[in-house]
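K.L.:
I have a structure here, written as structure tokens, and I will follow up with some questions on it.
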Amino acid sequence: MKPKEGLLLRELDGTAIVVATGAAISEFSGLITLNQTGTFLWRRLEQGATEEELIAALLAEYEISEEIARKDVQAFVARAKDAGLLED
């Protein structure tokens with residue numbers, strides 16, 4: 001799973017945002033602000049991580065249960081898909 005082509009993660013004054021460039025602007029106008037965990041997950045999505053790999057990455061990085069990691073990843077992916085940010 002990857003972000004759609006033309007969507008880039010940028011950090012401005014300590015704030016992580018996803019912006020559209022090029023042809024992606026016609027599909028997505030505006031920007032999305034990500035918190036620390038969202039930024040962490042987005043960077044792994046840029047590398048093509050699966051949901052299971054995202055869960056494993058959260059478990060390795062943060063002291064949380066697998067249940068919380070799974071719920072957080074599922075919610076993040078669902079929101080990103082609903083917003084049209086991810087390739088199928």
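So you can find residues: chains in the structure tokens are A, B, ... in the order shown, residues in each start at 1, and ligands are numbered from 1 in order.
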Would you list the contacts of stretch 34-46 of chain A as a list in words, taking every protein, DNA or RNA residue within 6 Å and counting only C-alpha atoms, but skipping same-chain residues closer than 4 positions in sequence?

P.N.:
Lys2, Ala16 and Ile17 of chain A

K.L.:
Using only C-alpha atoms for the distances, tell me which of A:Ala75, A:Val18, A:Leu7, A:Met1 is nearest to A:Thr50.

P.N.:
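Comparing A:Ala75, A:Val18, A:Leu7, A:Met1 against A:Thr50, the winner is A:Met1.
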
K.L.:
For A:Ala24, which residue among A:Leu59, A:Ala80, A:Ala49, A:Leu8 is the nearest when counting only C-alpha atoms?

P.N.:
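With only C-alpha atoms as the atom set, the closest residue is A:Leu8.
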
K.L.:
Compile the contact shell of A:Leu58 as a PyMOL selection string: residues with an atom at most 10 Å away, counting only C-alpha atoms, same-chain residues fewer than 3 positions apart removed.

P.N.:
chain A and resi 37+40-41+52-55+61-66+68-70+72-73

K.L.:
Take the selection from the previous step and output its residues with C-alpha atoms, as a compact mmCIF listing (two decimals), in the first residue's frame.

P.N.:
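To be explicit, this is the file written out as again_35.txt:
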```txt
# COMPACT_ATOMS: atom_id res chain seq x y z
CA THR A 37 2.16 8.76 14.86
CA PHE A 40 5.52 7.69 11.41
CA LEU A 41 2.91 5.60 9.57
CA GLU A 52 0.58 -5.84 9.23
CA GLU A 53 3.95 -4.15 8.71
CA LEU A 54 2.53 -0.88 10.01
CA ILE A 55 1.28 -2.66 13.13
CA GLU A 61 8.53 2.03 18.14
CA TYR A 62 5.97 2.61 20.89
CA GLU A 63 5.10 0.87 24.13
CA ILE A 64 1.52 -0.07 23.24
CA SER A 65 -0.46 -3.27 23.04
CA GLU A 66 -1.03 -5.09 19.78
CA ILE A 68 -4.20 -0.62 20.28
CA ALA A 69 -1.64 -0.72 17.45
CA ARG A 70 -4.06 -2.66 15.24
CA ASP A 72 -4.80 2.78 15.36
CA VAL A 73 -3.45 1.45 12.05
```

K.L.:
Enumerate the residues of chain A with a DSSP assignment of alpha helix (DSSP H), computed from the backbone, and present them as a PyMOL selection string.

P.N.:
chain A and resi 36-46+51-61+66-82

K.L.:
Please return, as an MDAnalysis selection string, all residues of chain A that DSSP assigns to strand (DSSP E) on the basis of the backbone.

P.N.:
chainID A and resid 7:12 15:20 31:34

K.L.:
Just give me the gap between atom CA of A:Gln74 and atom CA of A:Gly30 in Å, one decimal is fine.

P.N.:
23.5 Å
